[in-house]
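Trainee: This is protein-v7.pdb, which holds PDB, C-alpha atoms:
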```pdb
ATOM      1  CA  MET C   1      63.094  67.982  24.871
ATOM      2  CA  GLY C   2      60.417  67.846  27.548
ATOM      3  CA  ALA C   3      61.100  67.605  31.242
ATOM      4  CA  MET C   4      62.013  64.252  32.747
ATOM      5  CA  THR C   5      59.164  62.789  34.749
ATOM      6  CA  THR C   6      59.359  61.652  38.345
ATOM      7  CA  ARG C   7      61.693  58.808  38.914
ATOM      8  CA  ARG C   8      60.381  55.473  40.038
ATOM      9  CA  PRO C   9      62.578  53.381  42.363
ATOM     10  CA  PRO C  10      64.785  50.696  40.747
ATOM     11  CA  VAL C  11      63.087  47.448  39.759
ATOM     12  CA  ASP C  12      63.476  45.018  42.648
ATOM     13  CA  HIS C  13      64.552  41.856  40.839
ATOM     14  CA  ILE C  14      64.447  39.808  44.048
ATOM     15  CA  VAL C  15      60.767  40.672  44.485
ATOM     16  CA  ARG C  16      60.134  40.114  40.767
ATOM     17  CA  THR C  17      61.709  36.640  40.902
ATOM     18  CA  ARG C  18      59.765  35.790  44.057
ATOM     19  CA  ASP C  19      56.475  36.802  42.384
ATOM     20  CA  LEU C  20      57.369  34.847  39.248
ATOM     21  CA  TYR C  21      58.309  31.709  41.197
ATOM     22  CA  SER C  22      55.189  31.977  43.317
ATOM     23  CA  SER C  23      52.979  32.299  40.188
ATOM     24  CA  LEU C  24      54.585  29.070  38.925
ATOM     25  CA  GLY C  25      54.035  27.315  42.252
ATOM     26  CA  HIS C  26      57.754  27.233  43.126
ATOM     27  CA  ASP C  27      59.273  28.008  46.502
ATOM     28  CA  PRO C  28      61.028  31.397  46.642
ATOM     29  CA  TYR C  29      64.569  31.451  45.288
ATOM     30  CA  ARG C  30      67.085  31.705  48.101
ATOM     31  CA  TRP C  31      69.397  34.544  47.075
ATOM     32  CA  VAL C  32      72.869  34.617  48.479
ATOM     33  CA  ARG C  33      73.044  37.120  51.298
ATOM     34  CA  ASN C  34      76.448  38.313  52.411
ATOM     35  CA  ASP C  35      76.402  40.683  55.344
ATOM     36  CA  GLY C  36      79.481  42.430  56.593
ATOM     37  CA  PRO C  37      82.292  43.909  54.541
ATOM     38  CA  PRO C  38      83.241  42.035  51.325
ATOM     39  CA  PRO C  39      86.848  41.150  50.389
ATOM     40  CA  TRP C  40      88.900  44.159  49.361
ATOM     41  CA  THR C  41      92.072  44.672  47.318
ATOM     42  CA  GLU C  42      93.482  48.129  46.577
ATOM     43  CA  LEU C  43      94.489  49.047  43.044
ATOM     44  CA  ALA C  44      98.287  48.744  42.847
ATOM     45  CA  LYS C  45      98.886  51.367  40.134
ATOM     46  CA  PRO C  46      97.108  54.239  38.394
ATOM     47  CA  LEU C  47      94.225  53.265  36.086
ATOM     48  CA  ARG C  48      96.078  54.581  33.032
ATOM     49  CA  GLU C  49      98.761  51.936  33.622
ATOM     50  CA  CYS C  50      96.407  49.048  34.334
ATOM     51  CA  ARG C  51      95.770  45.946  32.294
ATOM     52  CA  VAL C  52      92.012  45.462  32.485
ATOM     53  CA  GLY C  53      90.273  42.088  32.238
ATOM     54  CA  LEU C  54      86.659  41.726  31.101
ATOM     55  CA  VAL C  55      84.226  39.165  32.542
ATOM     56  CA  ALA C  56      80.654  39.227  31.220
ATOM     57  CA  SER C  57      77.584  37.079  31.877
ATOM     58  CA  GLY C  58      75.321  38.038  28.972
ATOM     59  CA  GLY C  59      75.756  34.670  27.265
ATOM     60  CA  VAL C  60      78.227  35.973  24.676
ATOM     61  CA  TYR C  61      80.088  33.541  22.434
ATOM     62  CA  ARG C  62      82.096  33.997  19.265
ATOM     63  CA  ALA C  63      81.001  32.518  15.927
ATOM     64  CA  GLY C  64      82.876  29.201  15.726
ATOM     65  CA  GLN C  65      82.468  28.481  19.434
ATOM     66  CA  VAL C  66      79.827  26.223  20.939
ATOM     67  CA  ALA C  67      76.781  28.238  22.106
ATOM     68  CA  PHE C  68      75.411  28.005  25.646
ATOM     69  CA  HIS C  69      72.634  25.584  26.399
ATOM     70  CA  HIS C  70      69.781  26.735  28.599
ATOM     71  CA  ARG C  71      69.727  24.094  31.296
ATOM     72  CA  ASP C  72      72.086  25.191  34.056
ATOM     73  CA  ASP C  73      75.073  25.803  31.789
ATOM     74  CA  ILE C  74      78.054  27.011  33.837
ATOM     75  CA  SER C  75      80.603  26.747  31.026
ATOM     76  CA  LEU C  76      82.948  29.537  30.054
ATOM     77  CA  ARG C  77      83.968  31.021  26.685
ATOM     78  CA  VAL C  78      87.430  32.523  26.286
ATOM     79  CA  ILE C  79      87.190  35.346  23.754
ATOM     80  CA  ASP C  80      90.147  37.095  22.185
ATOM     81  CA  THR C  81      89.659  40.827  22.824
ATOM     82  CA  SER C  82      90.809  41.729  19.314
ATOM     83  CA  VAL C  83      87.527  40.137  18.121
ATOM     84  CA  PRO C  84      85.416  42.145  15.679
ATOM     85  CA  VAL C  85      82.006  42.639  17.302
ATOM     86  CA  SER C  86      80.422  41.339  14.083
ATOM     87  CA  GLU C  87      81.612  37.875  15.207
ATOM     88  CA  LEU C  88      79.980  38.071  18.637
ATOM     89  CA  ARG C  89      76.704  36.289  19.341
ATOM     90  CA  THR C  90      74.493  35.841  22.406
ATOM     91  CA  SER C  91      72.646  32.870  23.839
ATOM     92  CA  HIS C  92      70.854  33.405  27.140
ATOM     93  CA  PHE C  93      67.664  31.934  28.602
ATOM     94  CA  ALA C  94      66.494  34.894  30.614
ATOM     95  CA  TYR C  95      66.804  38.361  29.080
ATOM     96  CA  ASP C  96      65.671  40.110  25.890
ATOM     97  CA  GLN C  97      68.728  39.863  23.652
ATOM     98  CA  ALA C  98      67.483  42.078  20.805
ATOM     99  CA  ASP C  99      69.731  45.021  21.675
ATOM    100  CA  ALA C 100      72.714  42.843  22.634
ATOM    101  CA  ARG C 101      72.486  41.146  19.241
ATOM    102  CA  MET C 102      72.304  44.503  17.468
ATOM    103  CA  ASP C 103      75.263  45.845  19.471
ATOM    104  CA  PRO C 104      77.133  43.315  21.661
ATOM    105  CA  ASN C 105      78.886  46.184  23.483
ATOM    106  CA  VAL C 106      75.799  46.625  25.663
ATOM    107  CA  VAL C 107      76.656  43.415  27.514
ATOM    108  CA  PHE C 108      80.262  42.873  26.374
ATOM    109  CA  PRO C 109      81.894  46.320  26.096
ATOM    110  CA  VAL C 110      84.915  45.353  24.042
ATOM    111  CA  ASP C 111      84.807  48.293  21.579
ATOM    112  CA  THR C 112      84.229  50.554  24.572
ATOM    113  CA  LEU C 113      87.320  49.242  26.362
ATOM    114  CA  ARG C 114      89.395  49.515  23.180
ATOM    115  CA  THR C 115      88.310  53.175  22.957
ATOM    116  CA  LEU C 116      89.407  53.737  26.563
ATOM    117  CA  VAL C 117      92.802  52.198  25.768
ATOM    118  CA  ALA C 118      93.147  54.504  22.731
ATOM    119  CA  GLU C 119      92.312  57.471  24.977
ATOM    120  CA  CYS C 120      94.889  56.325  27.572
ATOM    121  CA  VAL C 121      92.209  56.094  30.283
ATOM    122  CA  ILE C 122      93.419  52.534  30.886
ATOM    123  CA  GLY C 123      96.779  51.037  30.006
ATOM    124  CA  GLU C 124      95.699  47.989  28.044
ATOM    125  CA  LEU C 125      92.964  45.454  27.582
ATOM    126  CA  SER C 126      93.859  41.908  28.580
ATOM    127  CA  PRO C 127      94.122  39.724  25.445
ATOM    128  CA  ARG C 128      91.411  37.403  26.757
ATOM    129  CA  ALA C 129      87.877  38.074  27.997
ATOM    130  CA  TYR C 130      85.660  35.545  29.786
ATOM    131  CA  ALA C 131      81.994  35.067  29.003
ATOM    132  CA  PHE C 132      79.314  32.867  30.509
ATOM    133  CA  MET C 133      75.537  32.721  30.834
ATOM    134  CA  GLY C 134      74.330  34.380  34.040
ATOM    135  CA  GLY C 135      71.276  33.406  36.010
ATOM    136  CA  ILE C 136      72.957  30.240  37.270
ATOM    137  CA  TYR C 137      70.594  28.626  39.764
ATOM    138  CA  SER C 138      73.196  26.976  41.972
ATOM    139  CA  ALA C 139      75.241  29.462  43.999
ATOM    140  CA  ARG C 140      77.313  26.519  45.175
ATOM    141  CA  ARG C 141      78.451  25.678  41.629
ATOM    142  CA  VAL C 142      79.370  29.323  41.015
ATOM    143  CA  ARG C 143      81.302  29.489  44.277
ATOM    144  CA  ASP C 144      83.036  26.119  43.958
ATOM    145  CA  ALA C 145      83.641  25.811  40.199
ATOM    146  CA  LEU C 146      83.117  28.936  38.116
ATOM    147  CA  ALA C 147      84.480  31.665  40.408
ATOM    148  CA  PRO C 148      87.821  29.934  41.140
ATOM    149  CA  GLU C 149      88.279  29.116  37.432
ATOM    150  CA  ILE C 150      87.749  32.745  36.371
ATOM    151  CA  SER C 151      89.902  34.060  39.196
ATOM    152  CA  ARG C 152      92.749  31.692  38.303
ATOM    153  CA  ARG C 153      92.620  32.728  34.640
ATOM    154  CA  LEU C 154      92.583  36.461  35.429
ATOM    155  CA  ALA C 155      95.655  35.963  37.628
ATOM    156  CA  GLU C 156      97.346  34.003  34.842
ATOM    157  CA  ASP C 157      96.556  36.903  32.473
ATOM    158  CA  GLN C 158      98.189  39.246  35.001
ATOM    159  CA  VAL C 159      95.311  41.702  34.991
ATOM    160  CA  ASP C 160      95.512  44.628  37.403
ATOM    161  CA  LEU C 161      91.762  45.198  37.502
ATOM    162  CA  ALA C 162      88.717  43.186  36.441
ATOM    163  CA  LEU C 163      85.586  44.794  34.992
ATOM    164  CA  LEU C 164      82.554  42.579  35.617
ATOM    165  CA  VAL C 165      79.465  43.033  33.471
ATOM    166  CA  PRO C 166      76.549  40.875  34.631
ATOM    167  CA  VAL C 167      73.137  40.571  33.044
TER     168      VAL C 167
ATOM    169  CA  MET R   1      78.488  37.733  39.256
ATOM    170  CA  GLY R   2      78.806  39.124  42.780
ATOM    171  CA  LEU R   3      80.160  35.782  43.979
ATOM    172  CA  ILE R   4      82.808  35.923  41.264
ATOM    173  CA  ALA R   5      83.739  39.494  42.177
ATOM    174  CA  ARG R   6      84.202  38.444  45.795
ATOM    175  CA  ARG R   7      86.386  35.485  44.862
ATOM    176  CA  VAL R   8      88.574  37.463  42.418
ATOM    177  CA  GLU R   9      89.036  40.242  44.943
ATOM    178  CA  ALA R  10      89.817  37.775  47.746
ATOM    179  CA  ASP R  11      92.480  36.269  45.464
ATOM    180  CA  GLY R  12      94.141  39.690  45.137
ATOM    181  CA  ILE R  13      92.743  41.377  42.015
ATOM    182  CA  PRO R  14      90.555  44.478  42.456
ATOM    183  CA  THR R  15      87.169  44.365  40.707
ATOM    184  CA  THR R  16      84.484  46.786  39.657
ATOM    185  CA  SER R  17      81.008  45.489  38.801
ATOM    186  CA  LEU R  18      78.392  47.200  36.684
ATOM    187  CA  THR R  19      74.851  46.240  37.698
ATOM    188  CA  SER R  20      71.236  46.950  36.733
ATOM    189  CA  ALA R  21      69.831  44.765  39.528
ATOM    190  CA  LEU R  22      70.379  46.793  42.678
ATOM    191  CA  SER R  23      68.616  44.528  45.186
ATOM    192  CA  ILE R  24      70.564  41.474  44.045
ATOM    193  CA  THR R  25      73.843  43.397  44.184
ATOM    194  CA  ARG R  26      73.068  44.636  47.709
ATOM    195  CA  SER R  27      72.303  41.089  48.805
ATOM    196  CA  VAL R  28      75.324  39.341  47.259
ATOM    197  CA  ASN R  29      77.518  42.315  48.199
ATOM    198  CA  PRO R  30      80.459  42.550  45.777
ATOM    199  CA  PRO R  31      83.436  44.730  46.752
ATOM    200  CA  ARG R  32      82.526  47.669  44.437
ATOM    201  CA  ALA R  33      79.516  48.161  42.201
ATOM    202  CA  VAL R  34      78.216  50.810  39.837
ATOM    203  CA  PHE R  35      74.448  50.903  39.359
ATOM    204  CA  LEU R  36      72.845  51.749  36.022
ATOM    205  CA  ASP R  37      69.044  52.006  36.278
ATOM    206  CA  TYR R  38      68.254  50.296  32.955
ATOM    207  CA  PRO R  39      66.228  47.245  31.922
ATOM    208  CA  LEU R  40      68.254  44.011  32.034
ATOM    209  CA  GLY R  41      70.357  43.373  28.959
ATOM    210  CA  HIS R  42      71.970  46.834  28.769
ATOM    211  CA  THR R  43      74.399  46.757  31.676
ATOM    212  CA  ALA R  44      77.072  48.625  29.671
ATOM    213  CA  GLY R  45      74.803  51.117  27.894
ATOM    214  CA  LYS R  46      72.349  51.576  25.053
ATOM    215  CA  ALA R  47      72.832  49.905  21.694
ATOM    216  CA  LYS R  48      74.567  51.952  19.001
ATOM    217  CA  ASP R  49      75.404  54.779  21.415
ATOM    218  CA  PRO R  50      79.183  54.484  21.841
ATOM    219  CA  ALA R  51      79.516  57.889  23.533
ATOM    220  CA  LEU R  52      77.116  56.823  26.285
ATOM    221  CA  GLN R  53      78.706  53.367  26.537
ATOM    222  CA  ARG R  54      82.065  55.059  26.981
ATOM    223  CA  LYS R  55      80.773  57.255  29.816
ATOM    224  CA  ILE R  56      79.235  54.278  31.610
ATOM    225  CA  VAL R  57      82.274  52.005  31.362
ATOM    226  CA  ALA R  58      84.656  54.863  32.231
ATOM    227  CA  ALA R  59      82.511  55.575  35.314
ATOM    228  CA  ALA R  60      82.704  51.895  36.310
ATOM    229  CA  LEU R  61      86.494  51.922  36.006
ATOM    230  CA  ALA R  62      86.852  55.257  37.825
ATOM    231  CA  ALA R  63      84.860  53.821  40.730
ATOM    232  CA  VAL R  64      87.921  51.826  41.735
ATOM    233  CA  GLY R  65      89.648  55.047  42.746
ATOM    234  CA  GLU R  66      86.525  56.637  44.211
ATOM    235  CA  LEU R  67      84.817  54.020  46.348
ATOM    236  CA  GLU R  68      86.590  53.620  49.654
ATOM    237  CA  GLN R  69      84.036  51.619  51.582
ATOM    238  CA  PRO R  70      83.948  47.860  50.840
ATOM    239  CA  GLY R  71      80.504  47.041  49.449
ATOM    240  CA  ALA R  72      79.788  50.614  48.329
ATOM    241  CA  VAL R  73      77.598  51.196  45.254
ATOM    242  CA  LYS R  74      78.090  54.202  42.969
ATOM    243  CA  MET R  75      74.832  55.409  41.392
ATOM    244  CA  LEU R  76      74.980  56.532  37.766
ATOM    245  CA  PRO R  77      72.622  59.368  36.759
ATOM    246  CA  TYR R  78      71.532  58.006  33.359
ATOM    247  CA  ARG R  79      67.886  57.224  32.669
ATOM    248  CA  TRP R  80      66.571  54.724  30.161
ATOM    249  CA  SER R  81      63.754  57.002  29.004
ATOM    250  CA  ARG R  82      61.958  60.183  29.946
ATOM    251  CA  ASP R  83      59.482  58.274  32.020
ATOM    252  CA  ASP R  84      59.997  55.125  34.073
ATOM    253  CA  ASP R  85      57.008  53.190  32.726
ATOM    254  CA  TRP R  86      59.313  50.372  31.625
ATOM    255  CA  LYS R  87      59.791  49.499  35.296
ATOM    256  CA  ARG R  88      56.090  48.816  35.792
ATOM    257  CA  GLU R  89      56.043  46.745  32.613
ATOM    258  CA  THR R  90      59.042  44.755  33.849
ATOM    259  CA  MET R  91      57.297  43.977  37.137
ATOM    260  CA  LEU R  92      54.084  42.934  35.361
ATOM    261  CA  GLY R  93      55.825  40.894  32.683
ATOM    262  CA  GLY R  94      55.351  37.135  33.067
ATOM    263  CA  ASP R  95      57.785  34.319  32.486
ATOM    264  CA  THR R  96      59.708  35.196  29.328
ATOM    265  CA  ARG R  97      62.532  32.724  29.932
ATOM    266  CA  SER R  98      63.302  30.217  27.217
ATOM    267  CA  ASP R  99      62.681  26.491  27.614
ATOM    268  CA  ARG R 100      65.470  24.638  29.326
ATOM    269  CA  SER R 101      67.251  22.319  26.959
ATOM    270  CA  GLY R 102      70.622  20.681  27.290
ATOM    271  CA  SER R 103      71.705  21.312  23.701
ATOM    272  CA  PRO R 104      73.423  24.507  22.531
ATOM    273  CA  GLU R 105      71.087  27.327  21.505
ATOM    274  CA  TYR R 106      72.744  29.179  18.649
ATOM    275  CA  GLN R 107      71.849  32.753  17.752
ATOM    276  CA  CYS R 108      71.833  31.718  14.114
ATOM    277  CA  GLU R 109      71.868  28.289  12.502
ATOM    278  CA  ALA R 110      75.045  29.146  10.591
ATOM    279  CA  ASP R 111      76.886  29.245  13.931
ATOM    280  CA  ARG R 112      76.052  25.597  14.530
ATOM    281  CA  ALA R 113      77.802  24.602  11.310
ATOM    282  CA  LEU R 114      80.769  26.857  12.116
ATOM    283  CA  ALA R 115      81.151  25.282  15.550
ATOM    284  CA  ALA R 116      80.868  21.780  14.088
ATOM    285  CA  ALA R 117      83.484  22.602  11.451
ATOM    286  CA  ALA R 118      85.827  23.977  14.139
ATOM    287  CA  GLY R 119      85.717  20.619  15.943
ATOM    288  CA  ASP R 120      86.985  20.562  19.525
ATOM    289  CA  CYS R 121      86.632  24.019  20.994
ATOM    290  CA  PRO R 122      89.742  24.790  23.059
ATOM    291  CA  THR R 123      88.269  28.165  24.067
ATOM    292  CA  CYS R 124      85.100  26.537  25.432
ATOM    293  CA  ILE R 125      85.691  25.575  29.055
ATOM    294  CA  PHE R 126      83.220  23.008  30.365
ATOM    295  CA  LEU R 127      83.329  22.860  34.146
TER     296      LEU R 127
END
```
Output the file's structure as structure tokens, nothing else.
Mentor:
Amino acid sequence: MGAMTTRRPPVDHIVRTRDLYSSLGHDPYRWVRNDGPPPWTELAKPLRECRVGLVASGGVYRAGQVAFHHRDDISLRVIDTSVPVSELRTSHFAYDQADARMDPNVVFPVDTLRTLVAECVIGELSPRAYAFMGGIYSARRVRDALAPEISRRLAEDQVDLALLVPV
Amino acid sequence: MGLIARRVEADGIPTTSLTSALSITRSVNPPRAVFLDYPLGHTAGKAKDPALQRKIVAAALAAVGELEQPGAVKMLPYRWSRDDDWKRETMLGGDTRSDRSGSPEYQCEADRALAAAAGDCPTCIFL
């Protein structure tokens, strides 16, 4: 093992998108900017007693479900968390899916969460996970349609904590 | 995803968000985030490395008890590789996005037949 080299700063994806859009002759994307403190809810019980819900935006679907299309798809897939990872697939317009297809846990950590249940780090995994395809252009559609739908379903599932895994 | 985190949290469920896009997370400002300095597509760890995946997801869950400041971001120490050359390559990379089409893009053709055979998909929620 050699020494680690000097660290470069994190990739600035806002700058990268701006450069990409500009090279294509598009106006810069207007990212949502929320200043001031975000909403806040305290955890009501210890982690080891919590039911955890998973929400992931890597474009994961289960074999037998309809895949995502790549033109502003904001649809949702409900995935049973007892699913074998061999039945998980990905469909996403924007990122390199090679590793996610080899091991879906990198964007949809369902084996990982099952391990943490077995180790009693968390109480249980909610029976349903929610998957969609991130990179949705319209913040308004996320705010008005997708976010309330996911929030309502997590409440219905009585989760104590939601783990969000974007891509 | 930050917008979803904010909505879920506002509705009364605490959230913790993994992220590999720090500037976007800082801009959208979810309640709690955990930053992993990896190329996009590996937000919950490296493929076929369950021990590392476990550490990353456990760290994301533990953040709920650790972060006290709304909007705080916990920085994970893991590095993708011994050097950070992948970051330069990411910045130089052109448009690798797929063409936009309104029909489902299956990972494998067999999935199309499976979905057709399943008929109406009650677990597919079209908004």
Trainee: In Å, with one decimal, what is the gap from atom CA of R:Tyr78 to atom CA of C:Thr90?
Mentor: 24.9 Å
Trainee: Please list as a list of chain:residue names every residue within 9 Å of R:Ala116, counting all atoms listed in the file and excluding residues in the same chain fewer than 3 positions away.
Mentor: C:Gly64, C:Gln65, C:Val66, R:Asp111, R:Arg112, R:Ala113, R:Gly119, R:Asp120
Trainee: Expand the PyMOL selection byres ((chain C and resi 48-53) around 9) into the individual residues it matches in the shown file, reporting them as a PyMOL selection string.
Mentor: chain C and resi 43-47+54-55+113+117+120-130+154+157-164
Trainee: Could you check how far atom CA of C:Asp103 sits from atom CA of R:Glu89, in Å to one decimal?
Mentor: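 Computing the Euclidean distance for atom CA of C:Asp103 and atom CA of R:Glu89 yields 23.3 Å.
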Trainee: Quick one: which residues end up in the PyMOL selection byres ((chain R and resi 126) around 12) for this structure, as a list in words?
Mentor: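 Output of the PyMOL selection byres ((chain R and resi 126) around 12): Val66, Ala67, Phe68, His69, Asp72, Asp73, Ile74, Ser75, Leu76, Arg77, Val78, Phe132, Ala145, Leu146 and Glu149 of chain C; Asp120, Cys121, Pro122, Thr123, Cys124, Ile125 and Leu127 of chain R.
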Trainee: Would you list the contacts of R:Val8 as a ChimeraX atom specification, taking every protein, DNA or RNA residue within 10 Å and counting all atoms listed in the file, but skipping same-chain residues closer than 2 positions in sequence?
Mentor: /C:39-41,147-155,161-162 /R:2-6,10-15,31
Trainee: Could those residues be written to a file, using C-alpha atoms, as a short mmCIF file (atom, residue, chain, number, x, y, z; two decimals), keeping the file's coordinate frame?
Mentor:
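Final output, saved to out12.cif:
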```
data_model
loop_
_atom_site.label_atom_id
_atom_site.label_comp_id
_atom_site.auth_asym_id
_atom_site.auth_seq_id
_atom_site.Cartn_x
_atom_site.Cartn_y
_atom_site.Cartn_z
CA PRO C 39 86.85 41.15 50.39
CA TRP C 40 88.90 44.16 49.36
CA THR C 41 92.07 44.67 47.32
CA ALA C 147 84.48 31.66 40.41
CA PRO C 148 87.82 29.93 41.14
CA GLU C 149 88.28 29.12 37.43
CA ILE C 150 87.75 32.74 36.37
CA SER C 151 89.90 34.06 39.20
CA ARG C 152 92.75 31.69 38.30
CA ARG C 153 92.62 32.73 34.64
CA LEU C 154 92.58 36.46 35.43
CA ALA C 155 95.66 35.96 37.63
CA LEU C 161 91.76 45.20 37.50
CA ALA C 162 88.72 43.19 36.44
CA GLY R 2 78.81 39.12 42.78
CA LEU R 3 80.16 35.78 43.98
CA ILE R 4 82.81 35.92 41.26
CA ALA R 5 83.74 39.49 42.18
CA ARG R 6 84.20 38.44 45.80
CA ALA R 10 89.82 37.78 47.75
CA ASP R 11 92.48 36.27 45.46
CA GLY R 12 94.14 39.69 45.14
CA ILE R 13 92.74 41.38 42.02
CA PRO R 14 90.56 44.48 42.46
CA THR R 15 87.17 44.36 40.71
CA PRO R 31 83.44 44.73 46.75
#
```
Trainee: Selected by the PyMOL selection byres ((chain C and resi 37) around 10) in the shown coordinates: which residues, as a list in words?
Mentor: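 Evaluating the PyMOL selection byres ((chain C and resi 37) around 10) on these coordinates yields Asn34, Asp35, Gly36, Pro38, Pro39 and Trp40 of chain C; Asn29, Pro30, Pro31, Gln69, Pro70, Gly71 and Ala72 of chain R.
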Trainee: For each of R:Tyr38, R:Val73, R:Glu9, R:Gly102, take the minimum atom-to-atom distance to R:Lys87, counting all atoms listed in the file, then give the residue where this is smallest.
Mentor: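 Of all the options, R:Tyr38 lies closest to R:Lys87.
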Trainee: Counting all atoms listed in the file, which residues have an atom no more than 8 Å from (84.4, 49.5, 41.0) in the file's coordinates? Please list them as a ChimeraX atom specification.
Mentor: /C:163 /R:15-18,31-34,60-65,67
Trainee: With C-alpha atoms retained, export the selected residues as a short mmCIF file (atom, residue, chain, number, x, y, z; two decimals), in the coordinates of the input.
Mentor:
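The resulting file, again_1.cif, is reproduced below:
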```
data_model
loop_
_atom_site.label_atom_id
_atom_site.label_comp_id
_atom_site.auth_asym_id
_atom_site.auth_seq_id
_atom_site.Cartn_x
_atom_site.Cartn_y
_atom_site.Cartn_z
CA LEU C 163 85.59 44.79 34.99
CA THR R 15 87.17 44.36 40.71
CA THR R 16 84.48 46.79 39.66
CA SER R 17 81.01 45.49 38.80
CA LEU R 18 78.39 47.20 36.68
CA PRO R 31 83.44 44.73 46.75
CA ARG R 32 82.53 47.67 44.44
CA ALA R 33 79.52 48.16 42.20
CA VAL R 34 78.22 50.81 39.84
CA ALA R 60 82.70 51.90 36.31
CA LEU R 61 86.49 51.92 36.01
CA ALA R 62 86.85 55.26 37.83
CA ALA R 63 84.86 53.82 40.73
CA VAL R 64 87.92 51.83 41.74
CA GLY R 65 89.65 55.05 42.75
CA LEU R 67 84.82 54.02 46.35
#
```
Trainee: Can you pull out every residue within 10 Å of C:Val11, counting all atoms listed in the file, but drop anything in the same chain fewer than 3 positions away, and send it as a VMD selection string?
Mentor: (chain C and resid 8 14 to 16) or (chain R and resid 20 to 23 37 to 40 86 to 88 90 to 91)
Trainee: Give me the residues near C:Arg114 as a list in words, where near means some atom within 9 Å (using only C-alpha atoms) and where sequence neighbours in that chain fewer than 2 positions away do not count.
Mentor: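 The residues that qualify are Thr81, Ser82, Pro109, Val110, Asp111, Thr112, Leu116, Val117, Ala118, Glu119, Glu124 and Leu125 of chain C.
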Trainee: Is it possible to get the axis-aligned box enclosing stretch 114-125 of chain R (all listed atoms, 4 Å extra per side) as AutoDock Vina command-line options, with centre and edge lengths in Å rounded to one decimal?
Mentor:
```
--center_x 85.3 --center_y 24.4 --center_z 20.3 --size_x 17.0 --size_y 15.6 --size_z 25.6
```
Trainee: Nearest residue to chain R out of C:Asp27, C:Glu87, C:Asp144, C:Glu42, using all atoms listed in the file?
Mentor: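 Among the listed residues, C:Glu42 lies closest to chain R.
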Trainee: Could you work out how far atom CA of C:Leu88 lies from atom CA of R:Arg100, giving the answer in Å with one decimal?
Mentor: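 A separation of 22.5 Å between them.
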Trainee: Which residue, C:Ser57, C:Ser86, C:Ser22, C:Ser138, has the smallest gap to chain R when you use all atoms listed in the file?
Mentor: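 Going through C:Ser57, C:Ser86, C:Ser22, C:Ser138 one by one, the smallest distance to chain R is for C:Ser57.
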Trainee: Taking into account all atoms listed in the file, which residue in the set R:Leu36, R:Ala44, R:Ile56, R:Ala118 is nearest to R:Arg79?
Mentor: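 Selected residue with least distance to R:Arg79: R:Leu36.
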Trainee: Point out the residue among R:Ala115, R:Ile24, R:Phe35, R:Gly94 with the least atom-to-atom distance to R:Lys74, counting all atoms listed in the file.
Mentor: R:Phe35
Trainee: For each of C:Arg101, C:Gly135, C:Val85, C:Phe93, take the minimum atom-to-atom distance to chain R, counting only C-alpha atoms, then give the residue where this is smallest.
Mentor: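 Between C:Arg101, C:Gly135, C:Val85, C:Phe93, the residue approaching chain R most closely is C:Phe93.
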